[in-house]
Amino acid sequence: MVDLSINCAGIKSPNPYWLASAPPTNSAYQVCKAFEKGWGGAVWKTIGEPVMNVVNRYGSVDYNGQKILGLNNIELISDRPIEVNLKEIAETKRLWPDRAVIASLMVESKRETWHDIVKRTIDTGCDGIELNYGCPHGMSERGMGSAVGQVPEYCAMITEWVTEVSTIPVLVKLTPNVADVRFPGRAAKKGKANGLSLINTINSIMGVNLDSFELNPSIDGKGGHGGYAGPAVKPIALHMVSQVAVDPEINLPISGIGGISTWRDALEFILLGATSVQVCTAVMHYGFRVIEDLTEGLTNWMEEKGYQNLEQIRGKALTRIADFGDLNLLYKSVARIDESKCIQCNLCYIACEEGAHQCIDLIPHDGKNQPKIRENDCVGCRLCFIVCPVDDCISMVRVDDGSEAITWNELMKQLPQPLTWEALRQFQKKHGVEIH
């Protein structure tokens, strides 16, 4: 039997899937409905100072027939009174004692204000607190959200204010709008946070109307920057989660966020160190019902691989991460085309000829042009594999025997310094490879 239950920084839930702090967690009605469907936890829509939202607050990137590849929003924190939210948090936790109910908080940067909201939040009986240091729009202009998360000193200071009085786990939600996410992560650790959530949304402008010159979305003719989320941000989120996960100065549990739409996405976050995963855009697009595929897919994969619980796989991909200087320069693969599957669209030829290394020829065959790869010239860049529209038509095949390996860092120790082109050519000739 597969056990999907988790303990993330002291917050327990029957599965790793939490709703992220966002419109789907704006009320007890929504959160309870999500729990009925099977969600393991929910981070309540951020509560704090009074706000007033604008109309037309979402924008999307649609591409090649896919709706909401990326979602931009300029919605603020909850526009309902704190008292109402706290009452509903308490009611929800009472009705669903086995689910994780986490309160997301954001107030002005005053110690007494944070102490007050934290104490009131604890009284609801919720399982944990998430500090919103990530919101990149609206609240940041008031000195909150990413205005805090972008300054490690502020991040550490406010986190410490919270942990001074909190008797429940505290997660710090990090902004991706920084040069290096490890610094605010270390600051949260310094402030005695119990765990980290990342990433929050990415600062963005979605587009410009070419007729009216208005931004998308437009509010009475004007627009601005907002928070970008959805499937398109997943690679950025995976990178930042892994950065935090391998940093020895942080060493905190992670709740992974950013473009999670399928169980495969969730599993990638777990393999890179996340304990729980938070979902928003997929729910806004398809509804709470996506939890069925999320739990079923993850369970089936674990059964197939022989894993009983998530701790057995958490972080298993982290050892695969390496700096460029530690990659094997003598590893060699080339592209090969399965002609029985090739539809002669010639996209591989165009990509290679004009965007890569000119090692594909077009050979007349039965009235069409059949692409042929010159393996001796192929540098293994993988562009043709990426652009090919037919699954498994082009494959990358390893052609070195694996008997030798050398990294750039090792190479620099062997060759004369400063490095010359002639020395590099001699190395290439010796090993029968080209380094591009």
# chains A, B, ... in the order shown; residues from 1 in each chain; ligands from 1
call {"tool": "select_by_dssp", "arguments": {"residues": "region 45-82 of chain A", "states": "strand (DSSP E)", "output": "JSON, numbers by chain"}}
result
{"A": [47, 48, 58, 59, 60, 61, 62, 63, 66, 67, 68, 69, 70, 71, 72, 73]}
call {"tool": "select_by_dssp", "arguments": {"residues": "region 223-408 of chain A", "states": "helix (DSSP H, G or I)", "output": "MDAnalysis selection string"}}
result
chainID A and resid 231:246 263:271 281:286 290:305 310:312 318:320 324:326 347:355 383:387 408
call {"tool": "residues_around", "arguments": {"residues": "region 243-260 of chain A", "least_positions_apart": "4", "cutoff": "7 Å", "atoms": "only C-alpha atoms", "output": "count of residues only"}}
result
30
call {"tool": "closest_residue", "arguments": {"among": "A:Cys388, A:Met144, A:Ile219, A:Met240", "to": "Ala179 (chain A)", "atoms": "only C-alpha atoms"}}
result
A:Met240
call {"tool": "residues_around", "arguments": {"residues": "region 361-373 of chain A", "least_positions_apart": "5", "cutoff": "9 Å", "atoms": "only C-alpha atoms", "output": "ChimeraX atom specification"}}
result
/A:334-337,339,342-346,348-349,353,378
call {"tool": "closest_atom_pairs", "arguments": {"of": "region 153-221 of chain A", "to": "region 120-136 of chain A", "cutoff": "9 Å", "atoms": "only C-alpha atoms", "output": "JSON lines"}}
result
{"residue": "A:Cys155", "atom": "CA", "partner": "A:Tyr133", "partner_atom": "CA", "distance": 7.5}
{"residue": "A:Thr159", "atom": "CA", "partner": "A:Leu131", "partner_atom": "CA", "distance": 7.8}
{"residue": "A:Val162", "atom": "CA", "partner": "A:Leu131", "partner_atom": "CA", "distance": 8.8}
{"residue": "A:Ser166", "atom": "CA", "partner": "A:Ile122", "partner_atom": "CA", "distance": 7.4}
{"residue": "A:Thr167", "atom": "CA", "partner": "A:Ile122", "partner_atom": "CA", "distance": 7.4}
{"residue": "A:Ile168", "atom": "CA", "partner": "A:Gly128", "partner_atom": "CA", "distance": 5.4}
{"residue": "A:Pro169", "atom": "CA", "partner": "A:Gly128", "partner_atom": "CA", "distance": 4.8}
{"residue": "A:Val170", "atom": "CA", "partner": "A:Ile129", "partner_atom": "CA", "distance": 4.9}
{"residue": "A:Leu171", "atom": "CA", "partner": "A:Glu130", "partner_atom": "CA", "distance": 4.6}
{"residue": "A:Val172", "atom": "CA", "partner": "A:Leu131", "partner_atom": "CA", "distance": 4.8}
{"residue": "A:Lys173", "atom": "CA", "partner": "A:Asn132", "partner_atom": "CA", "distance": 5.2}
{"residue": "A:Leu174", "atom": "CA", "partner": "A:Gly134", "partner_atom": "CA", "distance": 5.3}
{"residue": "A:Thr175", "atom": "CA", "partner": "A:Gly134", "partner_atom": "CA", "distance": 4.0}
{"residue": "A:Pro176", "atom": "CA", "partner": "A:Gly134", "partner_atom": "CA", "distance": 7.5}
{"residue": "A:Asn177", "atom": "CA", "partner": "A:Pro136", "partner_atom": "CA", "distance": 7.8}
{"residue": "A:Leu196", "atom": "CA", "partner": "A:Glu130", "partner_atom": "CA", "distance": 8.5}
{"residue": "A:Ser197", "atom": "CA", "partner": "A:Glu130", "partner_atom": "CA", "distance": 7.9}
{"residue": "A:Leu198", "atom": "CA", "partner": "A:Gly134", "partner_atom": "CA", "distance": 8.7}
{"residue": "A:Ile199", "atom": "CA", "partner": "A:Gly134", "partner_atom": "CA", "distance": 7.9}
{"residue": "A:Asn200", "atom": "CA", "partner": "A:Gly134", "partner_atom": "CA", "distance": 5.3}
{"residue": "A:Thr201", "atom": "CA", "partner": "A:Cys135", "partner_atom": "CA", "distance": 6.8}
{"residue": "A:Ile202", "atom": "CA", "partner": "A:Pro136", "partner_atom": "CA", "distance": 7.2}
{"residue": "A:Asn203", "atom": "CA", "partner": "A:Pro136", "partner_atom": "CA", "distance": 6.0}
call {"tool": "write_last_selection", "arguments": {"atoms": "C-alpha atoms", "output": "mmCIF file, in the first residue's frame"}}
result
data_model
loop_
_atom_site.group_PDB
_atom_site.id
_atom_site.type_symbol
_atom_site.label_atom_id
_atom_site.label_comp_id
_atom_site.auth_asym_id
_atom_site.auth_seq_id
_atom_site.Cartn_x
_atom_site.Cartn_y
_atom_site.Cartn_z
ATOM 1 C CA CYS A 155 12.847 38.992 5.887
ATOM 2 C CA THR A 159 10.163 36.356 10.630
ATOM 3 C CA VAL A 162 6.485 36.163 14.211
ATOM 4 C CA SER A 166 4.051 31.721 17.368
ATOM 5 C CA THR A 167 3.345 28.335 18.918
ATOM 6 C CA ILE A 168 2.604 26.707 15.542
ATOM 7 C CA PRO A 169 4.870 26.111 12.522
ATOM 8 C CA VAL A 170 5.833 29.150 10.462
ATOM 9 C CA LEU A 171 6.528 28.926 6.723
ATOM 10 C CA VAL A 172 8.083 31.842 4.839
ATOM 11 C CA LYS A 173 6.868 32.298 1.258
ATOM 12 C CA LEU A 174 9.734 33.545 -0.886
ATOM 13 C CA THR A 175 9.589 35.828 -3.897
ATOM 14 C CA PRO A 176 11.301 34.745 -7.142
ATOM 15 C CA ASN A 177 11.924 38.391 -8.002
ATOM 16 C CA LEU A 196 9.910 27.691 3.249
ATOM 17 C CA SER A 197 7.292 28.028 0.499
ATOM 18 C CA LEU A 198 8.388 28.930 -3.018
ATOM 19 C CA ILE A 199 7.946 30.340 -5.492
ATOM 20 C CA ASN A 200 5.478 33.188 -5.396
ATOM 21 C CA THR A 201 4.500 34.844 -8.668
ATOM 22 C CA ILE A 202 6.980 36.453 -11.065
ATOM 23 C CA ASN A 203 6.787 40.134 -11.902
#
call {"tool": "closest_residue", "arguments": {"among": "A:Arg374, A:Arg320, A:Arg382, A:Arg264", "to": "Trp301 (chain A)", "atoms": "only C-alpha atoms"}}
result
A:Arg264
call {"tool": "atom_distance", "arguments": {"atom1": "CA of Val118 (chain A)", "atom2": "CA of Ile89 (chain A)"}}
result
13.4 Å
call {"tool": "residues_around", "arguments": {"residues": "region 24-35 of chain A", "least_positions_apart": "3", "cutoff": "8 Å", "atoms": "only C-alpha atoms", "output": "PyMOL selection string"}}
result
chain A and resi 19-21+38-45+78+85+88-89+91-92+96+99+280+283-284+288
